[in-house]
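Novice: Dropping in coords34.cif, which is mmCIF, C-alpha atoms:
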data_final
#
loop_
_atom_site.label_atom_id
_atom_site.label_comp_id
_atom_site.auth_asym_id
_atom_site.auth_seq_id
_atom_site.Cartn_x
_atom_site.Cartn_y
_atom_site.Cartn_z
CA MET A 1 -81.02 -132.17 -116.37
CA TYR A 2 -82.96 -129.61 -114.39
CA ASP A 3 -86.00 -127.56 -115.26
CA LEU A 4 -84.57 -124.06 -115.71
CA ARG A 5 -87.15 -122.40 -113.48
CA TYR A 6 -86.49 -124.96 -110.73
CA LEU A 7 -82.74 -124.47 -111.18
CA ARG A 8 -83.09 -120.69 -110.95
CA ASP A 9 -85.38 -120.76 -107.90
CA ASN A 10 -83.31 -123.39 -106.04
CA PHE A 11 -79.83 -122.52 -107.30
CA ASP A 12 -78.02 -122.23 -103.96
CA THR A 13 -79.81 -125.26 -102.49
CA ILE A 14 -78.85 -127.46 -105.46
CA ARG A 15 -75.25 -126.26 -105.33
CA HIS A 16 -75.06 -127.01 -101.61
CA GLN A 17 -76.69 -130.44 -101.91
CA LEU A 18 -74.32 -131.52 -104.66
CA GLY A 19 -71.25 -130.40 -102.71
CA ARG A 20 -68.08 -132.00 -104.08
CA ARG A 21 -70.15 -133.93 -106.59
CA GLY A 22 -70.72 -130.65 -108.43
CA ALA A 23 -67.16 -129.38 -107.99
CA ASP A 24 -66.52 -129.07 -111.74
CA VAL A 25 -69.77 -127.20 -112.48
CA PRO A 26 -69.04 -123.52 -113.32
CA TRP A 27 -71.68 -122.26 -110.91
CA ASP A 28 -70.94 -118.52 -111.23
CA ARG A 29 -71.10 -118.64 -115.01
CA LEU A 30 -74.26 -120.71 -114.80
CA ARG A 31 -75.93 -118.15 -112.52
CA THR A 32 -74.91 -115.34 -114.88
CA LEU A 33 -76.37 -117.15 -117.89
CA ILE A 34 -79.62 -117.84 -116.05
CA GLU A 35 -80.00 -114.13 -115.29
CA GLN A 36 -79.00 -113.17 -118.84
CA ARG A 37 -81.59 -115.51 -120.26
CA ARG A 38 -84.25 -114.09 -117.96
CA ALA A 39 -83.32 -110.49 -118.86
CA LEU A 40 -83.17 -111.14 -122.62
CA ALA A 41 -86.45 -113.05 -122.60
CA GLY A 42 -88.01 -110.12 -120.74
CA GLN A 43 -86.70 -107.67 -123.32
CA VAL A 44 -88.07 -109.76 -126.19
CA GLU A 45 -91.45 -109.99 -124.48
CA GLN A 46 -91.56 -106.23 -123.89
CA LEU A 47 -90.52 -105.44 -127.45
CA ARG A 48 -93.13 -107.81 -128.85
CA HIS A 49 -95.72 -106.04 -126.75
CA GLU A 50 -94.56 -102.69 -128.20
CA LEU A 51 -94.58 -104.19 -131.71
CA LYS A 52 -98.14 -105.40 -131.31
CA LYS A 53 -99.23 -102.07 -129.89
CA GLY A 54 -97.50 -100.23 -132.74
CA SER A 55 -98.96 -102.57 -135.34
CA ASP A 56 -102.43 -101.91 -133.98
CA GLU A 57 -101.74 -98.19 -134.22
CA VAL A 58 -100.54 -98.49 -137.83
CA ALA A 59 -103.62 -100.50 -138.72
CA LYS A 60 -105.82 -97.86 -137.15
CA LEU A 61 -104.07 -95.05 -139.04
CA LYS A 62 -104.47 -96.93 -142.31
CA ARG A 63 -108.17 -97.52 -141.64
CA GLU A 64 -108.54 -93.79 -141.02
CA LYS A 65 -106.41 -93.07 -144.09
CA GLN A 66 -103.87 -91.19 -142.00
CA PRO A 67 -100.08 -91.09 -142.67
CA ALA A 68 -98.43 -94.19 -141.15
CA ASP A 69 -94.88 -94.00 -142.51
CA ALA A 70 -93.20 -92.91 -139.25
CA PRO A 71 -94.77 -95.56 -137.00
CA MET A 72 -94.08 -98.20 -139.68
CA VAL A 73 -90.39 -97.27 -139.66
CA ALA A 74 -90.43 -97.46 -135.87
CA MET A 75 -92.08 -100.89 -135.98
CA LYS A 76 -89.47 -102.14 -138.46
CA ALA A 77 -86.73 -100.96 -136.12
CA ILE A 78 -88.36 -102.79 -133.22
CA GLY A 79 -88.63 -105.94 -135.35
CA GLU A 80 -84.90 -105.77 -136.18
CA GLN A 81 -84.13 -105.22 -132.50
CA ILE A 82 -86.16 -108.32 -131.59
CA LYS A 83 -84.24 -110.41 -134.14
CA THR A 84 -80.90 -109.23 -132.74
CA ILE A 85 -81.88 -110.01 -129.16
CA GLU A 86 -83.33 -113.38 -130.16
CA VAL A 87 -79.99 -114.37 -131.70
CA GLU A 88 -78.26 -113.45 -128.45
CA LEU A 89 -80.93 -115.29 -126.46
CA ARG A 90 -80.47 -118.46 -128.53
CA THR A 91 -76.71 -118.34 -127.94
CA VAL A 92 -77.24 -117.95 -124.19
CA GLU A 93 -79.82 -120.76 -124.14
CA GLU A 94 -77.54 -123.15 -126.06
CA THR A 95 -74.67 -122.52 -123.65
CA LEU A 96 -77.01 -122.78 -120.68
CA THR A 97 -78.44 -126.08 -121.95
CA ASP A 98 -74.93 -127.50 -122.39
CA LEU A 99 -73.97 -126.53 -118.84
CA ASN A 100 -77.28 -127.78 -117.45
CA LEU A 101 -76.64 -131.18 -119.05
CA ARG A 102 -73.36 -131.34 -117.11
CA ILE A 103 -74.90 -130.88 -113.65
CA PRO A 104 -75.09 -134.19 -111.72
CA ASN A 105 -78.29 -135.53 -110.25
CA LEU A 106 -79.18 -134.70 -106.66
CA PRO A 107 -78.59 -137.55 -104.18
CA HIS A 108 -81.56 -139.03 -102.35
CA ALA A 109 -81.83 -138.18 -98.66
CA SER A 110 -80.98 -141.78 -97.70
CA VAL A 111 -77.61 -141.74 -99.50
CA PRO A 112 -74.62 -141.74 -97.10
CA VAL A 113 -72.67 -138.47 -97.16
CA GLY A 114 -69.02 -138.95 -98.07
CA ASN A 115 -66.13 -138.10 -100.36
CA ASP A 116 -65.08 -141.41 -101.91
CA ALA A 117 -65.42 -145.21 -101.78
CA GLY A 118 -64.03 -145.23 -98.25
CA ASP A 119 -67.27 -143.63 -97.06
CA ASN A 120 -69.59 -146.20 -98.65
CA LYS A 121 -71.79 -148.21 -96.26
CA GLU A 122 -72.12 -151.97 -96.35
CA ALA A 123 -75.80 -152.95 -96.35
CA ARG A 124 -75.52 -156.75 -96.16
CA GLN A 125 -73.53 -159.85 -97.05
CA TRP A 126 -74.54 -163.23 -98.43
CA GLY A 127 -72.65 -166.50 -98.14
CA SER A 128 -69.00 -166.86 -97.13
CA PRO A 129 -65.65 -167.10 -98.93
CA PRO A 130 -64.67 -170.55 -100.22
CA LEU A 131 -62.27 -172.64 -98.14
CA LEU A 132 -59.42 -173.20 -100.59
CA THR A 133 -56.79 -175.77 -99.63
CA THR A 134 -54.07 -174.19 -101.77
CA PRO A 135 -53.08 -170.55 -102.40
CA ALA A 136 -55.63 -168.87 -104.65
CA LYS A 137 -54.61 -168.34 -108.26
CA SER A 138 -55.85 -165.41 -110.33
CA HIS A 139 -58.48 -166.00 -112.97
CA TRP A 140 -56.06 -165.22 -115.79
CA GLU A 141 -53.56 -167.78 -114.50
CA LEU A 142 -56.30 -170.37 -114.26
CA GLY A 143 -57.88 -169.52 -117.61
CA GLU A 144 -54.64 -169.47 -119.57
CA ALA A 145 -53.45 -172.74 -117.99
CA LEU A 146 -56.77 -174.38 -118.95
CA GLY A 147 -56.58 -173.02 -122.49
CA ILE A 148 -59.90 -171.18 -122.23
CA LEU A 149 -58.56 -167.59 -122.08
CA ASP A 150 -56.16 -166.03 -124.57
CA PHE A 151 -55.02 -162.46 -124.10
CA ASP A 152 -52.00 -162.58 -126.41
CA ARG A 153 -54.06 -163.49 -129.48
CA ALA A 154 -56.64 -160.84 -128.57
CA ALA A 155 -53.85 -158.25 -128.42
CA LYS A 156 -52.63 -159.41 -131.83
CA VAL A 157 -56.11 -159.18 -133.34
CA THR A 158 -57.07 -155.86 -131.72
CA GLY A 159 -54.90 -154.53 -128.90
CA ALA A 160 -54.61 -154.26 -125.14
CA ARG A 161 -57.63 -154.83 -122.89
CA PHE A 162 -59.33 -157.36 -125.10
CA ALA A 163 -59.72 -161.11 -124.54
CA VAL A 164 -60.53 -164.21 -126.54
CA MET A 165 -62.63 -166.89 -124.87
CA MET A 166 -61.82 -170.34 -126.19
CA GLY A 167 -63.64 -173.68 -126.16
CA VAL A 168 -65.30 -174.40 -122.82
CA GLY A 169 -64.55 -170.83 -121.70
CA ALA A 170 -66.66 -169.44 -124.54
CA ARG A 171 -69.39 -171.94 -123.74
CA LEU A 172 -69.31 -170.97 -120.05
CA GLU A 173 -69.76 -167.29 -120.95
CA ARG A 174 -72.70 -168.19 -123.18
CA ALA A 175 -74.15 -170.37 -120.41
CA LEU A 176 -73.99 -167.45 -117.99
CA ILE A 177 -75.82 -165.16 -120.41
CA ASN A 178 -78.57 -167.71 -120.95
CA TYR A 179 -78.87 -168.49 -117.23
CA MET A 180 -79.19 -164.80 -116.32
CA LEU A 181 -81.78 -164.10 -119.02
CA ASP A 182 -83.78 -167.20 -118.15
CA VAL A 183 -83.94 -166.31 -114.45
CA HIS A 184 -84.88 -162.68 -115.06
CA THR A 185 -87.53 -163.41 -117.68
CA THR A 186 -89.14 -166.55 -116.25
CA GLN A 187 -88.80 -165.90 -112.51
CA HIS A 188 -88.61 -162.12 -112.14
CA GLY A 189 -91.01 -160.98 -114.85
CA TYR A 190 -88.73 -158.94 -117.11
CA ARG A 191 -89.42 -158.73 -120.83
CA GLU A 192 -86.39 -159.70 -122.89
CA VAL A 193 -85.25 -157.23 -125.52
CA LEU A 194 -82.32 -157.34 -127.95
CA PRO A 195 -81.58 -153.69 -128.79
CA PRO A 196 -79.16 -152.11 -131.29
CA PHE A 197 -75.54 -151.94 -130.17
CA LEU A 198 -75.12 -148.56 -131.86
CA VAL A 199 -77.07 -145.50 -130.74
CA ASN A 200 -77.34 -141.88 -131.79
CA ARG A 201 -76.25 -138.78 -129.91
CA SER A 202 -79.76 -138.07 -128.61
CA SER A 203 -79.88 -141.48 -126.92
CA MET A 204 -76.51 -140.95 -125.24
CA THR A 205 -77.57 -137.49 -124.08
CA ALA A 206 -80.87 -138.77 -122.71
CA THR A 207 -79.26 -141.24 -120.31
CA GLY A 208 -76.48 -138.89 -119.21
CA GLN A 209 -73.41 -140.17 -121.06
CA LEU A 210 -73.25 -136.98 -123.14
CA PRO A 211 -72.00 -134.35 -123.15
CA LYS A 212 -69.90 -134.94 -120.02
CA PHE A 213 -68.39 -138.38 -120.75
CA GLU A 214 -67.76 -138.34 -124.50
CA GLU A 215 -64.09 -139.24 -124.03
CA ASP A 216 -65.12 -142.58 -122.50
CA LEU A 217 -67.15 -143.61 -125.56
CA PHE A 218 -66.31 -145.26 -128.87
CA ARG A 219 -67.73 -143.23 -131.76
CA LEU A 220 -68.00 -144.05 -135.47
CA ARG A 221 -65.84 -141.92 -137.71
CA ASP A 222 -68.32 -141.19 -140.50
CA GLU A 223 -71.62 -141.33 -138.58
CA ASP A 224 -72.64 -139.66 -135.34
CA TYR A 225 -73.29 -143.08 -133.79
CA PHE A 226 -71.76 -144.50 -130.62
CA LEU A 227 -71.05 -148.07 -129.53
CA ILE A 228 -73.11 -148.61 -126.39
CA PRO A 229 -71.31 -148.58 -123.01
CA THR A 230 -74.27 -150.49 -121.52
CA ALA A 231 -77.71 -151.73 -122.59
CA GLU A 232 -79.18 -149.06 -120.28
CA VAL A 233 -78.78 -146.57 -123.14
CA PRO A 234 -80.80 -148.22 -125.95
CA VAL A 235 -83.34 -149.86 -123.62
CA THR A 236 -84.19 -146.68 -121.68
CA ASN A 237 -84.48 -144.81 -124.98
CA LEU A 238 -87.07 -147.24 -126.30
CA HIS A 239 -89.62 -144.91 -124.69
CA ARG A 240 -87.95 -141.57 -125.41
CA ASP A 241 -90.47 -138.79 -126.09
CA GLU A 242 -93.38 -141.00 -125.02
CA THR A 243 -96.14 -140.53 -122.46
CA LEU A 244 -96.92 -143.82 -120.74
CA ASN A 245 -100.13 -144.80 -119.02
CA GLU A 246 -99.95 -145.30 -115.28
CA ASN A 247 -101.66 -148.70 -115.61
CA ALA A 248 -98.71 -149.98 -117.67
CA LEU A 249 -96.18 -149.30 -114.91
CA PRO A 250 -93.74 -150.54 -113.89
CA ILE A 251 -92.23 -151.60 -117.20
CA ARG A 252 -89.32 -154.02 -116.79
CA TYR A 253 -86.81 -155.09 -119.44
CA ALA A 254 -83.85 -157.48 -119.45
CA ALA A 255 -81.27 -157.22 -122.23
CA TYR A 256 -78.04 -158.95 -123.13
CA THR A 257 -75.54 -156.85 -125.08
CA PRO A 258 -71.83 -156.50 -125.53
CA CYS A 259 -70.63 -153.23 -124.01
CA PHE A 260 -67.82 -150.96 -125.22
CA ARG A 261 -65.85 -148.52 -123.08
CA ARG A 262 -62.62 -146.66 -123.72
CA GLU A 263 -61.92 -146.61 -119.97
CA ALA A 264 -60.35 -143.16 -120.35
CA GLY A 265 -58.56 -142.13 -117.19
CA SER A 266 -58.21 -145.71 -115.92
CA TYR A 267 -54.79 -146.49 -117.35
CA GLY A 268 -52.76 -148.68 -115.05
CA LYS A 269 -55.88 -150.06 -113.32
CA ASP A 270 -56.69 -153.77 -113.70
CA THR A 271 -54.52 -154.07 -116.78
CA LYS A 272 -54.41 -157.86 -116.44
CA GLY A 273 -57.36 -160.17 -116.80
CA LEU A 274 -61.05 -159.69 -117.53
CA VAL A 275 -62.04 -157.10 -114.93
CA ARG A 276 -61.58 -153.94 -117.03
CA LEU A 277 -61.85 -154.55 -120.77
CA HIS A 278 -62.80 -152.32 -123.69
CA GLN A 279 -65.41 -154.92 -124.74
CA PHE A 280 -67.39 -157.11 -122.38
CA ASN A 281 -70.77 -158.83 -122.12
CA LYS A 282 -73.49 -157.81 -119.70
CA VAL A 283 -77.11 -158.60 -118.91
CA GLU A 284 -78.87 -155.38 -117.93
CA LEU A 285 -82.12 -154.81 -116.04
CA VAL A 286 -84.08 -151.62 -116.78
CA SER A 287 -87.25 -150.46 -115.06
CA LEU A 288 -89.60 -147.53 -115.63
CA ALA A 289 -91.68 -146.78 -112.54
CA ARG A 290 -93.95 -144.21 -110.93
CA PRO A 291 -92.12 -141.82 -108.58
CA ASP A 292 -93.97 -143.20 -105.55
CA GLN A 293 -92.88 -146.77 -106.31
CA SER A 294 -89.32 -146.25 -107.57
CA TYR A 295 -87.43 -146.86 -104.33
CA GLU A 296 -89.36 -150.06 -103.69
CA GLU A 297 -88.47 -150.96 -107.28
CA LEU A 298 -84.79 -150.26 -106.60
CA GLU A 299 -84.78 -152.78 -103.74
CA ARG A 300 -86.60 -155.28 -105.95
CA LEU A 301 -84.21 -154.85 -108.88
CA THR A 302 -81.15 -155.11 -106.63
CA GLY A 303 -82.55 -158.30 -105.13
CA HIS A 304 -83.00 -159.76 -108.61
CA ALA A 305 -79.35 -159.09 -109.43
CA GLU A 306 -78.34 -160.66 -106.11
CA SER A 307 -80.35 -163.79 -106.88
CA ILE A 308 -77.99 -164.63 -109.75
CA LEU A 309 -75.02 -164.71 -107.39
CA GLN A 310 -77.04 -166.72 -104.89
CA GLY A 311 -77.91 -169.25 -107.57
CA LEU A 312 -74.22 -169.50 -108.45
CA GLU A 313 -73.39 -169.78 -104.73
CA LEU A 314 -70.90 -166.91 -104.84
CA HIS A 315 -70.13 -164.87 -101.73
CA TYR A 316 -70.90 -161.16 -102.10
CA ARG A 317 -71.82 -157.99 -100.28
CA VAL A 318 -74.13 -155.06 -101.09
CA VAL A 319 -72.79 -151.54 -100.55
CA ALA A 320 -74.72 -148.25 -100.53
CA LEU A 321 -72.59 -145.72 -102.38
CA CYS A 322 -71.94 -142.38 -100.69
CA THR A 323 -72.58 -139.01 -102.31
CA GLY A 324 -68.97 -138.68 -103.45
CA ASP A 325 -68.79 -142.10 -105.13
CA MET A 326 -72.10 -142.23 -107.02
CA GLY A 327 -72.37 -141.96 -110.77
CA PHE A 328 -73.33 -138.74 -112.52
CA SER A 329 -77.00 -139.56 -113.18
CA ALA A 330 -77.89 -141.58 -110.07
CA ALA A 331 -79.96 -140.45 -107.11
CA LYS A 332 -79.14 -143.63 -105.18
CA THR A 333 -76.92 -146.60 -106.01
CA TYR A 334 -76.20 -150.02 -104.56
CA ASP A 335 -73.06 -151.79 -105.72
CA ILE A 336 -72.99 -155.57 -105.48
CA GLU A 337 -69.44 -156.73 -104.91
CA VAL A 338 -68.38 -160.36 -105.36
CA TRP A 339 -65.53 -161.98 -103.44
CA LEU A 340 -62.32 -162.70 -105.39
CA PRO A 341 -59.97 -165.07 -103.50
CA SER A 342 -56.81 -164.14 -105.44
CA GLN A 343 -57.22 -160.51 -104.38
CA ASN A 344 -58.66 -161.28 -100.94
CA HIS A 345 -61.05 -158.48 -101.76
CA TYR A 346 -64.55 -157.68 -103.04
CA ARG A 347 -64.95 -156.38 -106.60
CA GLU A 348 -67.99 -154.72 -108.16
CA ILE A 349 -70.08 -157.03 -110.32
CA SER A 350 -73.30 -155.00 -110.49
CA SER A 351 -74.37 -151.42 -109.94
CA CYS A 352 -78.10 -150.84 -109.34
CA SER A 353 -79.39 -147.26 -109.46
CA ASN A 354 -82.50 -145.14 -109.23
CA PHE A 355 -82.16 -142.05 -111.40
CA GLU A 356 -85.53 -140.65 -110.33
CA GLY A 357 -86.67 -138.18 -113.04
CA PHE A 358 -83.15 -137.14 -114.09
CA GLN A 359 -82.94 -139.27 -117.25
CA ALA A 360 -86.66 -138.99 -117.95
CA ARG A 361 -86.50 -135.18 -118.17
CA ARG A 362 -83.65 -135.43 -120.65
CA ALA A 363 -85.40 -138.19 -122.61
CA GLY A 364 -88.93 -136.75 -122.49
CA ILE A 365 -90.36 -139.90 -120.88
CA ARG A 366 -93.49 -139.04 -118.95
CA TYR A 367 -96.51 -140.82 -117.56
CA LYS A 368 -100.13 -139.86 -117.17
CA GLY A 369 -102.57 -140.99 -114.54
CA ALA A 370 -105.09 -143.65 -115.49
CA ALA A 371 -108.08 -142.54 -117.53
CA GLY A 372 -110.90 -141.27 -115.36
CA LYS A 373 -108.63 -140.68 -112.38
CA LYS A 374 -109.26 -137.35 -110.69
CA ASP A 375 -106.46 -134.76 -110.89
CA ALA A 376 -104.52 -136.94 -113.35
CA LYS A 377 -101.41 -135.12 -114.51
CA THR A 378 -98.44 -135.76 -116.75
CA GLU A 379 -95.00 -135.83 -115.13
CA PRO A 380 -91.55 -137.39 -115.64
CA ILE A 381 -91.29 -141.07 -114.88
CA HIS A 382 -88.51 -142.55 -112.72
CA THR A 383 -85.94 -144.74 -114.47
CA LEU A 384 -83.83 -147.46 -112.85
CA ASN A 385 -81.28 -149.98 -114.03
CA GLY A 386 -78.73 -152.46 -112.81
CA SER A 387 -76.40 -155.14 -114.08
CA GLY A 388 -77.93 -158.53 -113.74
CA LEU A 389 -74.93 -159.28 -114.05
CA ALA A 390 -71.67 -158.23 -115.71
CA VAL A 391 -70.95 -161.55 -117.43
CA GLY A 392 -67.17 -161.37 -117.65
CA ARG A 393 -66.79 -160.50 -114.00
CA THR A 394 -69.15 -163.32 -113.08
CA LEU A 395 -66.93 -165.70 -115.03
CA VAL A 396 -63.93 -164.29 -113.14
CA ALA A 397 -65.67 -165.04 -109.84
CA ILE A 398 -66.51 -168.60 -110.90
CA LEU A 399 -62.94 -169.36 -111.98
CA GLU A 400 -61.48 -168.05 -108.73
CA ASN A 401 -64.07 -169.30 -106.24
CA TYR A 402 -64.50 -172.74 -107.81
CA GLN A 403 -60.80 -173.46 -108.47
CA GLN A 404 -59.48 -176.83 -107.42
CA PRO A 405 -55.96 -177.83 -106.26
CA ASP A 406 -55.25 -179.50 -109.64
CA GLY A 407 -56.10 -176.30 -111.54
CA SER A 408 -59.50 -177.48 -112.74
CA ILE A 409 -62.72 -175.52 -112.18
CA THR A 410 -65.92 -176.97 -110.74
CA ILE A 411 -68.94 -175.73 -112.70
CA PRO A 412 -71.75 -174.32 -110.50
CA LYS A 413 -74.70 -176.68 -110.37
CA VAL A 414 -77.17 -174.22 -111.92
CA LEU A 415 -75.02 -173.97 -115.06
CA ARG A 416 -74.49 -177.68 -115.73
CA ASP A 417 -77.59 -178.13 -117.87
CA TYR A 418 -76.39 -175.18 -119.99
CA MET A 419 -73.00 -176.91 -120.28
CA GLY A 420 -74.32 -180.24 -121.54
CA GLY A 421 -74.01 -181.85 -118.12
CA MET A 422 -70.35 -180.94 -117.71
CA GLU A 423 -69.30 -180.76 -114.05
CA ARG A 424 -65.68 -179.63 -114.28
CA ILE A 425 -63.44 -177.67 -116.62
CA LYS A 426 -60.12 -179.39 -117.21
CA LYS A 427 -57.21 -178.50 -119.46
CA GLU A 428 -58.25 -178.90 -123.09
#
Rewrite the structure of this file - the entire thing - as structure tokens.

Specialist:
Amino acid sequence: MYDLRYLRDNFDTIRHQLGRRGADVPWDRLRTLIEQRRALAGQVEQLRHELKKGSDEVAKLKREKQPADAPMVAMKAIGEQIKTIEVELRTVEETLTDLNLRIPNLPHASVPVGNDAGDNKEARQWGSPPLLTTPAKSHWELGEALGILDFDRAAKVTGARFAVMMGVGARLERALINYMLDVHTTQHGYREVLPPFLVNRSSMTATGQLPKFEEDLFRLRDEDYFLIPTAEVPVTNLHRDETLNENALPIRYAAYTPCFRREAGSYGKDTKGLVRLHQFNKVELVSLARPDQSYEELERLTGHAESILQGLELHYRVVALCTGDMGFSAAKTYDIEVWLPSQNHYREISSCSNFEGFQARRAGIRYKGAAGKKDAKTEPIHTLNGSGLAVGRTLVAILENYQQPDGSITIPKVLRDYMGGMERIKKE
């Protein structure tokens, strides 16, 4: 969301910088509404000036015991005119606010310019693909054969794009959650938080899911609450409408939550397996930082997400998303993509973004310089987040990269203590 004065003064620059990213923004209507708002606000201000001047005149006439009926009638007419214009102004402002909330964030200068994923830039790789001695099987083949994944029963209980984890599979998912949280809290300095899994409309609007992406969300029928698509929403909103002290920054949180997404518009994509479900588990990293430290924080946060894959000894690459492939609210994004042998391809397992002040302006999260600091001012904070990691996709990567010729799965060394010393998953 943009400050309206900044949007008005930099309208053409913002439109140009967004390019195709802002293709669905009704720019001409937006410009018209900005000018209408300015004109109507000017009229109200002028009329209020006339009303004050007239009121002073009426008061003077009354003090002098002179007839004041005519100017009083004129003042009443001006008051009615102000009310009429204010109604029109409120309508314009509501429409303008709605459109403003639909304008994407501006990309950082370091973001590669491009139209789609084909223009993303690989930043680095870690490790190498496993040397499998037999053709790679997909994770759903492996999981179903081992009796640890059940999609048919999930479809019976709920519907398509749900999964049931069974036995050792459920324990492995739980082990991954605990491993991720332990690393991030004990080694990386994040504070663990367990937030609500339902949030209100204000929270969704603050982080950019609303109003643009309402069709992708699950909403309660009788309450204006939404199931969270990611822990980013409740955790970022912990500090909504707060002014933080500079000395407290950066603030870093790690949260495990289930996540819920309708995946509207993705029909036909990844319909098999665990990659694209309506419900999945994720450990999320959220950081609130000063503007001058936020890009250093982005590199730090991305590195923390990478460390989980390194601990699991999974081959991956980091990709800088181009302007045409970034999410709505992001100013810069790195995707971490893990190697999947059955697809002979990398798949996203984490997305780490700096939103700069975009979410903070919507959420009213600001910070003030330390007490006693000269020229201390209050301004929007920068918000960042990233998956640390998507748990289901991490499990997918383990099943495929650690598969053995007999169909069993070797458990990564760092998870064995969480699995009661178990070294291999065999058919139950």

Novice: May I ask which of the residues A:Thr323, A:Ser203, A:Thr236, A:Asn281 is the closest one to Gly19 of chain A, counting all atoms listed in the file?

Specialist: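 Ranked by minimum distance to Gly19 of chain A, first place goes to A:Thr323.
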
Novice: For each of A:Glu428, A:Asp241, A:Glu306, A:Glu400, take the minimum atom-to-atom distance to Ala363 of chain A, counting only C-alpha atoms, then give the residue where this is smallest.

Specialist: A:Asp241

Novice: Could you list the residues chosen by the PyMOL selection byres ((chain A and resi 154) around 12) in this structure as a VMD selection string?

Specialist: chain A and resid 149 to 153 155 to 166 273 to 274 277 to 279

Novice: Please write as a count of residues only the full residue list that the PyMOL selection byres ((chain A and resi 8) around 12) yields on this file.

Specialist: 25

Novice: Looking at only C-alpha atoms, which of A:Leu40, A:Lys413, A:Lys137, A:Tyr334 is the one that sits closest to Val87 of chain A?

Specialist: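 Using only C-alpha atoms, Val87 of chain A sits closest to A:Leu40.
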
Novice: Give as an NGL selection string the residues that the PyMOL selection byres ((chain A and resi 339-345) around 10) matches when applied to the coordinates above.

Specialist: :A and (127-132 or 135-139 or 314-317 or 337-338 or 346-349 or 393 or 396-403)

Novice: Do you know which residues are at most 9 Å from Leu89 of chain A counting only C-alpha atoms, after dropping those on the same chain fewer than 3 positions away, and could you put them as a PyMOL selection string?

Specialist: chain A and resi 36-37+40-41+84-86+92-94

Novice: Write out as a Markdown table the residues of segment 299-362 of chain A that have any atom within 12 Å of an atom of segment 210-216 of chain A, one row each with the nearest atom pair and its distance in Å to one decimal, counting all atoms listed in the file, sorted by chain and then rising number.

Specialist:
| residue | atom | partner | partner_atom | distance |
| --- | --- | --- | --- | --- |
| A:Gly327 | CA | A:Phe213 | CA | 11.3 |
| A:Phe328 | CA | A:Lys212 | CA | 9.1 |
| A:Ser329 | CA | A:Lys212 | CA | 10.9 |
| A:Gln359 | CA | A:Leu210 | CA | 11.6 |
| A:Arg362 | CA | A:Leu210 | CA | 10.8 |

Novice: Create the file for the chosen residues now, containing C-alpha atoms and written as a compact mmCIF listing (two decimals), in the frame of the given file.

Specialist:
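Once written, out.txt looks like this:
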# COMPACT_ATOMS: atom_id res chain seq x y z
CA GLY A 327 -72.37 -141.96 -110.77
CA PHE A 328 -73.33 -138.74 -112.52
CA SER A 329 -77.00 -139.56 -113.18
CA GLN A 359 -82.94 -139.27 -117.25
CA ARG A 362 -83.65 -135.43 -120.65

Novice: For atom CA of Gln43 of chain A and atom CA of Lys60 of chain A, determine how far apart the two atoms are, in Å to one decimal place.

Specialist: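 According to the coordinates, atom CA of Gln43 of chain A and atom CA of Lys60 of chain A are separated by 25.6 Å.
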
Novice: Write out as a PyMOL selection string each polymer residue whose atoms come within 7 Å of Gly369 of chain A, counting only C-alpha atoms; drop sequence neighbours fewer than 5 positions from it.

Specialist: chain A and resi 245-246+376-377

Novice: For the selection you just gave me, I'd like the residues written to a file as a compact mmCIF listing (two decimals), in the frame of the given file, keeping C-alpha atoms.

Specialist:
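result-v2.txt, freshly written:
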# COMPACT_ATOMS: atom_id res chain seq x y z
CA ASN A 245 -100.13 -144.80 -119.02
CA GLU A 246 -99.95 -145.30 -115.28
CA ALA A 376 -104.52 -136.94 -113.35
CA LYS A 377 -101.41 -135.12 -114.51

Novice: So which residues fall inside 9 Å of (-71.3, -147.1, -123.6) if we count all atoms listed in the file? Mind giving them as an MDAnalysis selection string?

Specialist: chainID A and resid 204 209 216:218 226:233 259:262

Novice: Using all atoms listed in the file, which protein or nucleic acid residues come within 12 Å of Arg424 of chain A? Drop anything in the same chain fewer than 5 positions from it, and give the result as number ranges by chain.

Specialist: A: 146, 168-169, 172, 398-399, 402-404, 406-413, 415-416, 419

Novice: Between A:Gln310, A:Ser351, A:Ser287, A:Ser387, which residue has the minimum interatomic distance to Thr257 of chain A, considering all atoms listed in the file?

Specialist: A:Ser387

Novice: Nearest residue to His304 of chain A out of A:Asp417, A:Glu284, A:Asp28, A:Asp292, using all atoms listed in the file?

Specialist: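 Using all atoms listed in the file, the shortest distance to His304 of chain A belongs to A:Glu284.
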
Novice: Rank nothing, just name the residue among A:Gln66, A:Asn115, A:Thr91, A:Thr394 nearest to Gly311 of chain A, using all atoms listed in the file.

Specialist: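 When distances to Gly311 of chain A are compared using all atoms listed in the file, the smallest one comes from A:Thr394.
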
Novice: Suppose you want the space between atom CA of Pro250 of chain A and atom CA of Tyr225 of chain A; what is it in Å?

Specialist: 29.5 Å

Novice: Can you tell me how far atom CA of Leu176 of chain A sits from atom CA of Leu395 of chain A, in Å to one decimal?

Specialist: 7.9 Å

Novice: Around segment 423-428 of chain A, with edges along x, y and z and 4 Å added on all six sides, what centre and edge lengths do you get, in Å to one decimal, as JSON?

Specialist:
{"center_x": -63.3, "center_y": -179.2, "center_z": -118.6, "size_x": 20.1, "size_y": 11.1, "size_z": 17.0}

Novice: Every residue with an atom at most 12 Å from (-96.5, -106.9, -132.7) (file coordinates; only C-alpha atoms) is what I'm after, so could you write them as a PyMOL selection string?

Specialist: chain A and resi 44-59+72+74-79+82

Novice: Using only C-alpha atoms, which residues sit within 8 Å of Gly364 of chain A once same-chain residues fewer than 3 positions away are excluded, as an NGL selection string?

Specialist: :A and (240-242 or 360-361 or 380)
